[in-house]
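Asks: My structure is stored as start_14.tsv, with TSV, C-alpha atoms and all ligand atoms.
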```tsv
chain	number	residue	atom	x	y	z
Q	1	MET	CA	18.89	16.57	2.57
Q	2	ILE	CA	15.80	18.01	4.21
Q	3	ILE	CA	15.08	21.72	4.44
Q	4	VAL	CA	12.71	22.56	7.26
Q	5	LEU	CA	10.92	25.87	6.77
Q	6	LYS	CA	9.92	28.21	9.55
Q	7	HIS	CA	6.39	28.13	10.82
Q	8	GLY	CA	4.58	30.70	8.64
Q	9	ALA	CA	7.15	30.77	5.82
Q	10	THR	CA	5.58	32.52	2.83
Q	11	LYS	CA	4.92	30.98	-0.58
Q	12	ALA	CA	7.50	33.33	-2.12
Q	13	GLU	CA	10.14	32.12	0.35
Q	14	ILE	CA	9.30	28.47	-0.37
Q	15	ASP	CA	9.36	29.09	-4.15
Q	16	HIS	CA	12.75	30.79	-3.84
Q	17	VAL	CA	14.28	27.72	-2.14
Q	18	VAL	CA	12.63	25.37	-4.68
Q	19	GLN	CA	14.00	27.47	-7.54
Q	20	LYS	CA	17.56	27.35	-6.15
Q	21	ILE	CA	17.41	23.57	-5.77
Q	22	LYS	CA	16.19	23.15	-9.36
Q	23	GLU	CA	18.92	25.48	-10.67
Q	24	HIS	CA	21.44	22.95	-9.35
Q	25	GLY	CA	19.81	20.07	-11.24
Q	26	LEU	CA	18.22	18.53	-8.13
Q	27	THR	CA	14.58	17.59	-7.53
Q	28	PRO	CA	12.70	19.26	-4.67
Q	29	HIS	CA	9.77	17.42	-3.06
Q	30	VAL	CA	7.64	19.85	-1.10
Q	31	SER	CA	5.65	18.38	1.76
Q	32	GLU	CA	3.17	20.70	3.39
Q	33	GLY	CA	2.44	19.47	6.89
Q	34	LYS	CA	0.01	20.85	9.44
Q	35	GLU	CA	2.83	22.39	11.45
Q	36	ARG	CA	5.24	23.42	8.73
Q	37	THR	CA	6.56	22.80	5.26
Q	38	ILE	CA	9.50	20.54	4.56
Q	39	ILE	CA	11.43	20.31	1.30
Q	40	GLY	CA	13.20	17.05	0.53
Q	41	VAL	CA	16.09	17.33	-1.91
Q	42	ILE	CA	16.49	14.32	-4.15
Q	43	GLY	CA	19.67	13.77	-6.11
Q	44	ASP	CA	23.33	14.10	-5.30
Q	45	ASP	CA	23.04	17.03	-2.90
Q	46	ARG	CA	26.81	17.47	-2.64
Q	47	VAL	CA	26.39	20.08	-5.42
Q	48	ILE	CA	24.63	22.41	-2.96
Q	49	GLU	CA	26.89	21.67	-0.02
Q	50	ASN	CA	28.29	25.20	-0.09
Q	51	LEU	CA	24.96	26.93	-0.66
Q	52	PRO	CA	24.06	28.71	2.62
Q	53	LEU	CA	20.47	27.44	2.56
Q	54	SER	CA	20.09	27.84	6.31
Q	55	ILE	CA	20.19	31.63	6.01
Q	56	PHE	CA	17.66	31.80	3.16
Q	57	PRO	CA	14.51	33.72	4.19
Q	58	GLY	CA	11.91	31.37	5.66
Q	59	VAL	CA	14.36	28.51	6.29
Q	60	ASP	CA	14.58	27.13	9.83
Q	61	LYS	CA	17.19	24.41	9.43
Q	62	VAL	CA	18.89	22.09	6.95
Q	63	MET	CA	19.38	18.46	7.92
Q	64	PRO	CA	20.92	15.43	6.24
Q	65	ILE	CA	18.59	12.42	5.78
Q	66	LEU	CA	20.38	9.57	7.46
Q	67	SER	CA	18.19	6.68	6.26
Q	68	PRO	CA	18.84	5.15	2.82
Q	69	TYR	CA	15.21	5.81	1.87
Q	70	LYS	CA	14.18	9.42	1.89
Q	71	LEU	CA	10.68	10.22	0.65
Q	72	VAL	CA	9.11	7.35	2.58
Q	73	SER	CA	10.90	8.19	5.82
Q	74	ARG	CA	9.55	9.75	9.00
Q	75	GLU	CA	12.49	12.14	8.85
Q	76	PHE	CA	11.05	13.54	5.65
Q	77	LYS	CA	7.45	13.65	6.90
Q	78	SER	CA	6.70	13.32	10.58
Q	79	GLU	CA	2.91	13.09	10.29
Q	80	ASP	CA	1.14	9.90	9.20
Q	81	SER	CA	0.17	9.94	5.52
Q	82	LEU	CA	-3.49	9.56	4.70
Q	83	VAL	CA	-4.09	7.85	1.37
Q	84	ALA	CA	-7.44	8.74	-0.22
Q	85	VAL	CA	-8.94	5.88	-2.24
Q	86	GLY	CA	-11.62	6.16	-4.93
Q	87	PRO	CA	-13.85	9.17	-5.43
Q	88	ALA	CA	-13.99	11.64	-2.52
Q	89	SER	CA	-17.65	10.63	-2.10
Q	90	ALA	CA	-16.53	7.11	-1.09
Q	91	GLY	CA	-14.82	8.73	1.92
Q	92	VAL	CA	-12.12	6.06	2.10
Q	93	LYS	CA	-8.85	7.32	3.57
Q	94	ILE	CA	-6.25	4.81	4.68
Q	95	GLY	CA	-3.90	5.70	7.52
Q	96	GLY	CA	-6.21	7.52	9.90
Q	97	LYS	CA	-8.17	6.48	12.96
Q	98	ARG	CA	-10.62	4.52	10.83
Q	99	LEU	CA	-9.40	1.05	9.80
Q	100	HIS	CA	-10.16	-0.26	6.31
Q	101	VAL	CA	-10.70	-3.85	5.33
Q	102	MET	CA	-10.10	-4.90	1.71
Q	103	ALA	CA	-11.90	-8.18	1.11
Q	104	GLY	CA	-12.86	-10.40	-1.80
Q	105	PRO	CA	-11.79	-13.47	-3.70
Q	106	CYS	CA	-8.20	-14.31	-4.50
Q	107	ALA	CA	-9.09	-14.33	-8.20
Q	108	VAL	CA	-12.05	-12.94	-10.12
Q	109	GLU	CA	-13.62	-16.15	-11.44
Q	110	SER	CA	-16.92	-14.87	-12.89
Q	111	LEU	CA	-19.10	-11.80	-12.46
Q	112	GLU	CA	-21.71	-13.83	-10.61
Q	113	ARG	CA	-19.25	-15.28	-8.07
Q	114	LEU	CA	-17.62	-11.88	-7.59
Q	115	MET	CA	-20.97	-10.16	-6.96
Q	116	THR	CA	-21.96	-12.72	-4.32
Q	117	VAL	CA	-18.77	-12.05	-2.36
Q	118	ALA	CA	-18.81	-8.28	-2.98
Q	119	GLU	CA	-22.33	-7.87	-1.56
Q	120	ALA	CA	-21.49	-10.10	1.41
Q	121	VAL	CA	-18.24	-8.36	2.41
Q	122	LYS	CA	-19.85	-4.95	2.01
Q	123	ALA	CA	-22.69	-5.97	4.33
Q	124	SER	CA	-20.09	-7.07	6.90
Q	125	GLY	CA	-18.23	-3.74	6.81
Q	126	ALA	CA	-15.47	-4.12	4.21
Q	127	THR	CA	-14.81	-0.78	2.52
Q	128	ILE	CA	-12.70	-1.95	-0.45
Q	129	LEU	CA	-13.25	-4.92	-2.79
Q	130	ARG	CA	-10.24	-7.04	-3.75
Q	131	GLY	CA	-9.96	-9.50	-6.63
Q	132	GLY	CA	-7.14	-10.65	-8.88
Q	133	ALA	CA	-7.65	-10.30	-12.63
Q	134	PHE	CA	-4.01	-10.86	-13.55
Q	135	LYS	CA	-2.74	-13.65	-11.29
Q	136	PRO	CA	1.00	-14.13	-10.77
Q	137	ARG	CA	0.83	-17.88	-10.06
Q	138	THR	CA	3.82	-19.87	-8.86
Q	139	SER	CA	2.98	-22.64	-11.34
Q	140	PRO	CA	2.35	-21.82	-15.01
Q	141	HIS	CA	-0.08	-24.74	-15.13
Q	142	THR	CA	-2.60	-23.19	-12.72
Q	143	PHE	CA	-5.37	-20.61	-13.36
Q	144	GLN	CA	-3.73	-17.35	-14.48
Q	145	GLY	CA	-6.76	-15.08	-14.04
Q	146	LEU	CA	-9.35	-13.66	-16.44
Q	147	GLY	CA	-7.18	-10.64	-17.35
Q	148	ALA	CA	-9.01	-7.70	-18.94
Q	149	GLU	CA	-12.36	-9.48	-18.59
Q	150	GLY	CA	-11.75	-9.83	-14.85
Q	151	LEU	CA	-11.10	-6.10	-14.64
Q	152	GLU	CA	-14.43	-5.41	-16.28
Q	153	HIS	CA	-16.17	-7.60	-13.71
Q	154	LEU	CA	-14.48	-5.63	-10.92
Q	155	VAL	CA	-15.66	-2.35	-12.47
Q	156	GLU	CA	-19.19	-3.77	-12.66
Q	157	ALA	CA	-19.02	-4.86	-9.01
Q	158	ARG	CA	-17.87	-1.35	-8.02
Q	159	LYS	CA	-20.78	0.15	-9.94
Q	160	LYS	CA	-23.25	-2.10	-8.14
Q	161	THR	CA	-21.80	-1.89	-4.61
Q	162	GLY	CA	-20.04	1.48	-4.57
Q	163	LEU	CA	-16.91	-0.23	-3.14
Q	164	PRO	CA	-13.57	1.00	-4.55
Q	165	ILE	CA	-11.53	-1.84	-6.07
Q	166	VAL	CA	-7.95	-3.04	-5.58
Q	167	THR	CA	-6.33	-5.38	-8.07
Q	168	GLU	CA	-2.84	-6.50	-8.99
Q	169	VAL	CA	-0.86	-5.34	-11.99
Q	170	VAL	CA	1.96	-7.68	-12.99
Q	171	ASP	CA	3.21	-6.27	-16.27
Q	172	THR	CA	4.39	-2.77	-17.23
Q	173	ARG	CA	2.34	-3.13	-20.44
Q	174	ASP	CA	-0.88	-3.37	-18.39
Q	175	VAL	CA	-0.25	-0.43	-16.04
Q	176	GLU	CA	-2.22	2.05	-18.13
Q	177	LEU	CA	-5.22	-0.28	-18.45
Q	178	VAL	CA	-5.30	-1.24	-14.77
Q	179	ALA	CA	-4.72	2.38	-13.65
Q	180	ARG	CA	-7.71	3.46	-15.74
Q	181	GLN	CA	-10.02	0.92	-14.08
Q	182	ALA	CA	-8.82	0.22	-10.54
Q	183	ASP	CA	-8.87	2.48	-7.47
Q	184	ILE	CA	-5.70	0.91	-6.00
Q	185	LEU	CA	-2.93	-0.76	-8.00
Q	186	GLN	CA	-1.52	-3.75	-6.14
Q	187	ILE	CA	2.11	-4.75	-6.59
Q	188	GLY	CA	2.42	-8.36	-5.49
Q	189	THR	CA	5.12	-9.95	-3.41
Q	190	ARG	CA	6.77	-11.52	-6.47
Q	191	ASN	CA	7.15	-8.12	-8.09
Q	192	MET	CA	8.30	-6.04	-5.13
Q	193	GLN	CA	11.68	-5.55	-6.77
Q	194	ASN	CA	10.46	-5.33	-10.35
Q	195	PHE	CA	11.90	-1.85	-10.53
Q	196	GLN	CA	10.55	-1.02	-13.98
Q	197	LEU	CA	7.04	-1.87	-12.77
Q	198	LEU	CA	7.56	0.28	-9.66
Q	199	ILE	CA	8.71	3.21	-11.80
Q	200	GLU	CA	5.71	2.75	-14.09
Q	201	VAL	CA	3.10	2.76	-11.27
Q	202	GLY	CA	4.97	5.70	-9.74
Q	203	GLN	CA	3.91	7.70	-12.77
Q	204	THR	CA	0.19	7.02	-12.38
Q	205	ASP	CA	-2.22	9.05	-10.28
Q	206	LYS	CA	-3.67	6.02	-8.48
Q	207	PRO	CA	-2.78	4.79	-4.99
Q	208	VAL	CA	-0.39	1.83	-5.02
Q	209	MET	CA	-0.43	-0.98	-2.46
Q	210	LEU	CA	3.03	-2.51	-2.33
Q	211	LYS	CA	3.29	-5.99	-0.84
Q	212	ARG	CA	6.47	-7.01	0.93
Q	213	GLY	CA	8.66	-9.35	-1.11
Q	214	LEU	CA	8.82	-13.03	-0.10
Q	215	SER	CA	12.34	-12.61	1.26
Q	216	ALA	CA	12.66	-8.86	1.46
Q	217	THR	CA	14.10	-7.07	4.45
Q	218	ILE	CA	12.28	-4.02	5.75
Q	219	LYS	CA	15.00	-1.83	4.27
Q	220	GLU	CA	14.52	-3.39	0.81
Q	221	PHE	CA	10.74	-3.04	1.21
Q	222	LEU	CA	11.03	0.69	1.99
Q	223	LEU	CA	13.49	1.22	-0.86
Q	224	ALA	CA	10.97	-0.38	-3.23
Q	225	ALA	CA	8.34	2.08	-1.95
Q	226	GLU	CA	10.87	4.86	-2.52
Q	227	TYR	CA	10.98	3.93	-6.24
Q	228	ILE	CA	7.23	4.58	-6.50
Q	229	MET	CA	7.37	7.86	-4.59
Q	230	LYS	CA	10.38	9.10	-6.51
Q	231	GLY	CA	8.27	8.94	-9.68
Q	232	GLY	CA	5.93	11.49	-8.14
Q	233	ASN	CA	3.22	9.20	-6.76
Q	234	GLN	CA	2.89	9.98	-3.06
Q	235	ARG	CA	-0.05	7.62	-2.46
Q	236	VAL	CA	1.73	4.45	-1.38
Q	237	ILE	CA	0.32	1.86	1.03
Q	238	LEU	CA	2.62	-0.83	2.49
Q	239	CYS	CA	1.37	-4.39	2.97
Q	240	GLU	CA	2.98	-7.01	5.22
Q	241	ARG	CA	1.93	-10.41	3.86
Q	242	GLY	CA	4.34	-12.80	5.50
Q	243	ILE	CA	7.89	-13.74	4.65
Q	244	ARG	CA	9.78	-16.96	3.91
Q	245	THR	CA	11.31	-18.66	6.93
Q	246	PHE	CA	12.26	-22.22	7.87
Q	247	GLU	CA	8.77	-22.80	9.29
Q	248	THR	CA	6.54	-24.98	7.12
Q	249	GLN	CA	3.44	-25.22	9.31
Q	250	THR	CA	2.17	-21.98	7.84
Q	251	ARG	CA	2.48	-20.84	4.21
Q	252	ASN	CA	4.65	-17.90	5.29
Q	253	THR	CA	5.63	-16.35	8.61
Q	254	LEU	CA	3.65	-13.23	9.42
Q	255	ASP	CA	6.17	-10.65	10.59
Q	256	LEU	CA	3.94	-8.64	12.88
Q	257	ALA	CA	6.88	-6.74	14.37
Q	258	ALA	CA	7.21	-5.22	10.89
Q	259	VAL	CA	4.04	-3.22	11.58
Q	260	PRO	CA	5.40	-1.03	14.42
Q	261	VAL	CA	8.84	-0.99	12.78
Q	262	LEU	CA	7.41	0.31	9.49
Q	263	LYS	CA	5.24	2.82	11.33
Q	264	SER	CA	8.26	4.19	13.15
Q	265	LEU	CA	10.53	4.37	10.07
Q	266	SER	CA	7.92	5.59	7.62
Q	267	HIS	CA	4.86	7.86	7.45
Q	268	LEU	CA	3.09	5.50	5.02
Q	269	PRO	CA	0.01	3.47	6.04
Q	270	VAL	CA	0.52	-0.24	6.74
Q	271	ILE	CA	-1.95	-3.00	5.84
Q	272	VAL	CA	-1.65	-6.65	6.95
Q	273	ASP	CA	-2.71	-9.61	4.81
Q	274	PRO	CA	-3.18	-12.58	7.17
Q	275	SER	CA	-4.62	-14.73	4.34
Q	276	HIS	CA	-1.43	-15.06	2.29
Q	277	ALA	CA	0.70	-14.84	5.44
Q	278	THR	CA	-0.77	-18.00	6.96
Q	279	GLY	CA	-2.29	-19.88	4.02
Q	280	LYS	CA	-4.91	-21.37	6.36
Q	281	TRP	CA	-8.38	-19.95	6.87
Q	282	GLU	CA	-8.46	-20.97	10.56
Q	283	LEU	CA	-5.48	-18.71	11.25
Q	284	VAL	CA	-6.83	-15.66	9.46
Q	285	ALA	CA	-9.04	-14.26	12.26
Q	286	PRO	CA	-6.50	-14.64	15.08
Q	287	MET	CA	-3.74	-12.99	13.04
Q	288	ALA	CA	-6.11	-10.26	11.82
Q	289	LYS	CA	-6.86	-9.43	15.47
Q	290	ALA	CA	-3.16	-9.40	16.31
Q	291	ALA	CA	-2.45	-7.14	13.33
Q	292	ILE	CA	-4.92	-4.52	14.50
Q	293	ALA	CA	-3.58	-4.73	18.04
Q	294	ALA	CA	-0.07	-4.19	16.61
Q	295	GLY	CA	-1.12	-0.94	14.93
Q	296	ALA	CA	-2.01	-1.90	11.34
Q	297	ASP	CA	-4.13	0.61	9.44
Q	298	GLY	CA	-6.20	-2.08	7.78
Q	299	LEU	CA	-6.37	-5.61	6.48
Q	300	MET	CA	-6.56	-7.53	3.23
Q	301	ILE	CA	-8.66	-10.69	3.54
Q	302	GLU	CA	-9.55	-13.38	1.00
Q	303	VAL	CA	-13.21	-14.39	0.99
Q	304	HIS	CA	-14.91	-17.00	-1.21
Q	305	ALA	CA	-18.51	-18.23	-1.10
Q	306	ASN	CA	-17.41	-21.77	-1.83
Q	307	PRO	CA	-13.69	-22.20	-1.08
Q	308	GLU	CA	-13.72	-25.88	-2.10
Q	309	GLU	CA	-14.37	-24.72	-5.67
Q	310	ALA	CA	-12.03	-21.72	-5.67
Q	311	LEU	CA	-9.64	-21.56	-8.62
Q	312	SER	CA	-6.90	-20.24	-6.32
Q	313	ASP	CA	-6.17	-20.00	-2.59
Q	314	GLY	CA	-9.36	-21.73	-1.42
Q	315	GLU	CA	-7.53	-23.11	1.62
Q	316	GLU	CA	-6.95	-19.63	3.03
Q	317	SER	CA	-10.31	-18.10	2.05
Q	318	LEU	CA	-13.03	-17.35	4.60
Q	319	LYS	CA	-16.65	-18.08	3.83
Q	320	PRO	CA	-18.85	-14.95	4.17
Q	321	PRO	CA	-20.39	-15.96	7.55
Q	322	LYS	CA	-16.90	-16.52	9.01
Q	323	PHE	CA	-15.79	-13.17	7.60
Q	324	HIS	CA	-18.82	-11.53	9.20
Q	325	ALA	CA	-18.08	-13.06	12.61
Q	326	MET	CA	-14.42	-12.00	12.35
Q	327	MET	CA	-15.38	-8.40	11.59
Q	328	GLN	CA	-17.47	-8.28	14.75
Q	329	GLU	CA	-14.53	-9.53	16.81
Q	330	LEU	CA	-12.21	-7.06	15.12
Q	331	ARG	CA	-14.42	-4.12	16.12
Q	332	LYS	CA	-13.74	-4.93	19.77
Q	333	ILE	CA	-9.97	-5.01	19.23
Q	334	ALA	CA	-10.14	-1.79	17.21
Q	335	ALA	CA	-12.00	-0.01	20.02
Q	336	ALA	CA	-9.49	-1.32	22.57
Q	337	VAL	CA	-6.60	0.31	20.68
Q	338	GLY	CA	-8.39	3.57	19.93
Q	339	ARG	CA	-9.32	2.81	16.33
Q	340	GLU	CA	-12.66	2.57	14.51
Q	341	LEU	CA	-13.94	-0.17	12.25
K	1	LIG	C1	-2.77	-11.46	-3.92
K	1	LIG	O1	-3.02	-10.67	-3.00
K	1	LIG	O2	-3.59	-11.74	-4.79
K	1	LIG	C2	-1.45	-12.10	-4.00
K	1	LIG	C3	-1.08	-12.82	-5.06
K	1	LIG	O3	-0.69	-11.89	-2.91
K	1	LIG	P1	0.92	-11.97	-2.74
K	1	LIG	O4	1.49	-11.12	-3.82
K	1	LIG	O5	1.10	-11.40	-1.36
K	1	LIG	O6	1.29	-13.41	-2.81
K	2	MN	MN	-4.47	-15.31	-3.16
```
Can I see the file as structure tokens?

Replies:
Amino acid sequence: MIIVLKHGATKAEIDHVVQKIKEHGLTPHVSEGKERTIIGVIGDDRVIENLPLSIFPGVDKVMPILSPYKLVSREFKSEDSLVAVGPASAGVKIGGKRLHVMAGPCAVESLERLMTVAEAVKASGATILRGGAFKPRTSPHTFQGLGAEGLEHLVEARKKTGLPIVTEVVDTRDVELVARQADILQIGTRNMQNFQLLIEVGQTDKPVMLKRGLSATIKEFLLAAEYIMKGGNQRVILCERGIRTFETQTRNTLDLAAVPVLKSLSHLPVIVDPSHATGKWELVAPMAKAAIAAGADGLMIEVHANPEEALSDGEESLKPPKFHAMMQELRKIAAAVGREL
């Protein structure tokens, strides 16, 4: 259920409604919008079915939430959410007019290699550095990432470049460590329905970028985001990274229609990852352009100085000069659709 308050409802009126909801063992989520405040009621709201909430002082109307997901829905919050990343001084907010590009290697391989790419992507206009320290590889025989050492390299790269860092967390036991170091916690496609991990990151105070599961429907994707928000973490970013289909020419099939669909169903920002979606570096720039044209709030792009020697995903990684050229092209598309890059 959603309780929409009147324009200008006082704090005492809002607190009174919140108090009543809590007295019935339900959880109120207060969302203060520019226009007015909305209270989402989480839990089995049949217990307040007979409470005349609509005549409480300050209340405009009471509405059922029809979608299966609640906190992530547009019904709950009509305005786009802006997710602030890193220290306020970094000025990175995802979901507004300004687009943000997260770029870097698939995996952190060494501090030296990471620094080369970090400096290059920053110079080309990336505002967030990506790099996997804990790698969820399909095969147990391939490079699994540097782990805690990789995280330290990312922290060092942030210190030197000023770029906030995004990195994946794959294990509930590492959430505290990664949340202490990273600016955005990434939940990878293989863990989109690892509910315990979602609950765990939902209890941190760091933004979470949730990647769409390999075979997840949009409904399942949004319900996974709901797990994170239900824990109290409102700073969720959705990432479309391609889904499994019968097509084998590309690594996955980039579901670009998911971008406007997600933006209409949810207030959360949407990022597109054309690197993992296509698996081929030649396809990254065209799909990145299409993603921005479709309304994405940003991109995640894999970049490697020497893809032939990459320990993972070299075939989909752009070399820095190609990344630079793509960013210039993307600025034109961004301007054409009223965005900035
Ligand atoms: C990644 O971004 O490093 C990654 C492993 O992506 P995905 O979870 O989308 O496969
Ligand atoms: Mn990768």

Asks: Name the residues in contact with His267 of chain Q at a cut-off of 7 Å, using only C-alpha atoms, excluding same-chain residues fewer than 3 positions from it; report them as a PyMOL selection string.

Replies: chain Q and resi 72-74+77-81+263

Asks: Using C-alpha atoms, can you write the selected residues to a file as a CSV table (one decimal), keeping the file's coordinate frame?

Replies:
```csv
chain,number,residue,atom,x,y,z
Q,72,VAL,CA,9.1,7.4,2.6
Q,73,SER,CA,10.9,8.2,5.8
Q,74,ARG,CA,9.6,9.8,9.0
Q,77,LYS,CA,7.4,13.6,6.9
Q,78,SER,CA,6.7,13.3,10.6
Q,79,GLU,CA,2.9,13.1,10.3
Q,80,ASP,CA,1.1,9.9,9.2
Q,81,SER,CA,0.2,9.9,5.5
Q,263,LYS,CA,5.2,2.8,11.3
```

Asks: Would you kindly return, as an mmCIF file with C-alpha atoms, in the coordinates of the input, each protein, DNA or RNA residue with an atom no farther than 10 Å from any atom of Phe221 of chain Q, considering only C-alpha atoms and excluding same-chain residues fewer than 4 positions away?

Replies:
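The resulting file, part-v7.cif, is reproduced below:
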```
data_model
loop_
_atom_site.group_PDB
_atom_site.id
_atom_site.type_symbol
_atom_site.label_atom_id
_atom_site.label_comp_id
_atom_site.auth_asym_id
_atom_site.auth_seq_id
_atom_site.Cartn_x
_atom_site.Cartn_y
_atom_site.Cartn_z
ATOM 1 C CA TYR Q 69 15.210 5.810 1.870
ATOM 2 C CA MET Q 192 8.300 -6.040 -5.130
ATOM 3 C CA GLN Q 193 11.680 -5.550 -6.770
ATOM 4 C CA LEU Q 210 3.030 -2.510 -2.330
ATOM 5 C CA LYS Q 211 3.290 -5.990 -0.840
ATOM 6 C CA ARG Q 212 6.470 -7.010 0.930
ATOM 7 C CA GLY Q 213 8.660 -9.350 -1.110
ATOM 8 C CA SER Q 215 12.340 -12.610 1.260
ATOM 9 C CA ALA Q 216 12.660 -8.860 1.460
ATOM 10 C CA THR Q 217 14.100 -7.070 4.450
ATOM 11 C CA ALA Q 225 8.340 2.080 -1.950
ATOM 12 C CA GLU Q 226 10.870 4.860 -2.520
ATOM 13 C CA LEU Q 238 2.620 -0.830 2.490
ATOM 14 C CA CYS Q 239 1.370 -4.390 2.970
ATOM 15 C CA GLU Q 240 2.980 -7.010 5.220
ATOM 16 C CA LEU Q 262 7.410 0.310 9.490
#
```

Asks: Quick one: contact table of segment 144-250 of chain Q to segment 82-86 of chain Q, 6 Å max, nearest atom pair and distance in Å to one decimal per residue, counting all atoms listed in the file, chain and number order, as CSV?

Replies:
```
residue,atom,partner,partner_atom,distance
Q:Pro164,CA,Q:Gly86,CA,5.5
Q:Asp183,CA,Q:Gly86,CA,5.2
Q:Arg235,CA,Q:Val83,CA,5.6
```

Asks: Of the candidates Q:Cys106, Q:Leu185, Q:Ala293, Q:Ala12, which shows the shortest atom-to-atom distance to Gly279 of chain Q, using all atoms listed in the file?

Replies: Q:Cys106

Asks: Write as a ChimeraX atom specification the residues around ligand LIG 1 (chain K), taking 6 Å as the cut-off and counting all atoms listed in the file.

Replies: /Q:106,132,188-190,211,241,276

Asks: Which residues form the shell of 12 Å around ligand MN 2 (chain K) when you count all atoms listed in the file, given as a PyMOL selection string?

Replies: chain Q and resi 103-108+130-138+143-145+167-168+188-189+241+251+273-281+300-304+307+310-318

Asks: Based on the selection just made, write C-alpha atoms of those residues as a PDB file, keeping the file's coordinate frame.

Replies:
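Result file follows (result-v7.pdb):
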```pdb
ATOM      1  CA  ALA Q 103     -11.900  -8.180   1.110  1.00  0.00           C
ATOM      2  CA  GLY Q 104     -12.860 -10.400  -1.800  1.00  0.00           C
ATOM      3  CA  PRO Q 105     -11.790 -13.470  -3.700  1.00  0.00           C
ATOM      4  CA  CYS Q 106      -8.200 -14.310  -4.500  1.00  0.00           C
ATOM      5  CA  ALA Q 107      -9.090 -14.330  -8.200  1.00  0.00           C
ATOM      6  CA  VAL Q 108     -12.050 -12.940 -10.120  1.00  0.00           C
ATOM      7  CA  ARG Q 130     -10.240  -7.040  -3.750  1.00  0.00           C
ATOM      8  CA  GLY Q 131      -9.960  -9.500  -6.630  1.00  0.00           C
ATOM      9  CA  GLY Q 132      -7.140 -10.650  -8.880  1.00  0.00           C
ATOM     10  CA  ALA Q 133      -7.650 -10.300 -12.630  1.00  0.00           C
ATOM     11  CA  PHE Q 134      -4.010 -10.860 -13.550  1.00  0.00           C
ATOM     12  CA  LYS Q 135      -2.740 -13.650 -11.290  1.00  0.00           C
ATOM     13  CA  PRO Q 136       1.000 -14.130 -10.770  1.00  0.00           C
ATOM     14  CA  ARG Q 137       0.830 -17.880 -10.060  1.00  0.00           C
ATOM     15  CA  THR Q 138       3.820 -19.870  -8.860  1.00  0.00           C
ATOM     16  CA  PHE Q 143      -5.370 -20.610 -13.360  1.00  0.00           C
ATOM     17  CA  GLN Q 144      -3.730 -17.350 -14.480  1.00  0.00           C
ATOM     18  CA  GLY Q 145      -6.760 -15.080 -14.040  1.00  0.00           C
ATOM     19  CA  THR Q 167      -6.330  -5.380  -8.070  1.00  0.00           C
ATOM     20  CA  GLU Q 168      -2.840  -6.500  -8.990  1.00  0.00           C
ATOM     21  CA  GLY Q 188       2.420  -8.360  -5.490  1.00  0.00           C
ATOM     22  CA  THR Q 189       5.120  -9.950  -3.410  1.00  0.00           C
ATOM     23  CA  ARG Q 241       1.930 -10.410   3.860  1.00  0.00           C
ATOM     24  CA  ARG Q 251       2.480 -20.840   4.210  1.00  0.00           C
ATOM     25  CA  ASP Q 273      -2.710  -9.610   4.810  1.00  0.00           C
ATOM     26  CA  PRO Q 274      -3.180 -12.580   7.170  1.00  0.00           C
ATOM     27  CA  SER Q 275      -4.620 -14.730   4.340  1.00  0.00           C
ATOM     28  CA  HIS Q 276      -1.430 -15.060   2.290  1.00  0.00           C
ATOM     29  CA  ALA Q 277       0.700 -14.840   5.440  1.00  0.00           C
ATOM     30  CA  THR Q 278      -0.770 -18.000   6.960  1.00  0.00           C
ATOM     31  CA  GLY Q 279      -2.290 -19.880   4.020  1.00  0.00           C
ATOM     32  CA  LYS Q 280      -4.910 -21.370   6.360  1.00  0.00           C
ATOM     33  CA  TRP Q 281      -8.380 -19.950   6.870  1.00  0.00           C
ATOM     34  CA  MET Q 300      -6.560  -7.530   3.230  1.00  0.00           C
ATOM     35  CA  ILE Q 301      -8.660 -10.690   3.540  1.00  0.00           C
ATOM     36  CA  GLU Q 302      -9.550 -13.380   1.000  1.00  0.00           C
ATOM     37  CA  VAL Q 303     -13.210 -14.390   0.990  1.00  0.00           C
ATOM     38  CA  HIS Q 304     -14.910 -17.000  -1.210  1.00  0.00           C
ATOM     39  CA  PRO Q 307     -13.690 -22.200  -1.080  1.00  0.00           C
ATOM     40  CA  ALA Q 310     -12.030 -21.720  -5.670  1.00  0.00           C
ATOM     41  CA  LEU Q 311      -9.640 -21.560  -8.620  1.00  0.00           C
ATOM     42  CA  SER Q 312      -6.900 -20.240  -6.320  1.00  0.00           C
ATOM     43  CA  ASP Q 313      -6.170 -20.000  -2.590  1.00  0.00           C
ATOM     44  CA  GLY Q 314      -9.360 -21.730  -1.420  1.00  0.00           C
ATOM     45  CA  GLU Q 315      -7.530 -23.110   1.620  1.00  0.00           C
ATOM     46  CA  GLU Q 316      -6.950 -19.630   3.030  1.00  0.00           C
ATOM     47  CA  SER Q 317     -10.310 -18.100   2.050  1.00  0.00           C
ATOM     48  CA  LEU Q 318     -13.030 -17.350   4.600  1.00  0.00           C
TER      49      LEU Q 318
END
```

Asks: Using atom CA of Val166 of chain Q and atom CA of Lys34 of chain Q as the two end points, give the distance in Å to one decimal.

Replies: 29.3 Å

Asks: Using only C-alpha atoms, find the one residue out of Q:Thr127, Q:Gln328, Q:Gln234, Q:Thr172 that sits nearest to Leu299 of chain Q.

Replies: Q:Thr127

Asks: Return the single residue from Q:Pro260, Q:Gly96, Q:Pro68, Q:Gly242 that is closest to Ala224 of chain Q, with distances computed using only C-alpha atoms.

Replies: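 Residue with the minimum atom-to-atom distance to Ala224 of chain Q: Q:Pro68.
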
Asks: Near segment 50-53 of chain Q, within 10 Å and counting all atoms listed in the file, which residues show up once chain neighbours fewer than 4 positions away are dropped, as a ChimeraX atom specification?

Replies: /Q:3,17,20-21,46,57-62

Asks: Draw an axis-aligned box over all listed atoms of segment 324-341 of chain Q, pad each side with 4 Å, and write its centre and edge lengths in Å, one decimal, as lines of an AutoDock Vina configuration file.

Replies:
```
center_x = -12.7
center_y = -4.7
center_z = 15.9
size_x = 20.2
size_y = 24.6
size_z = 21.4
```
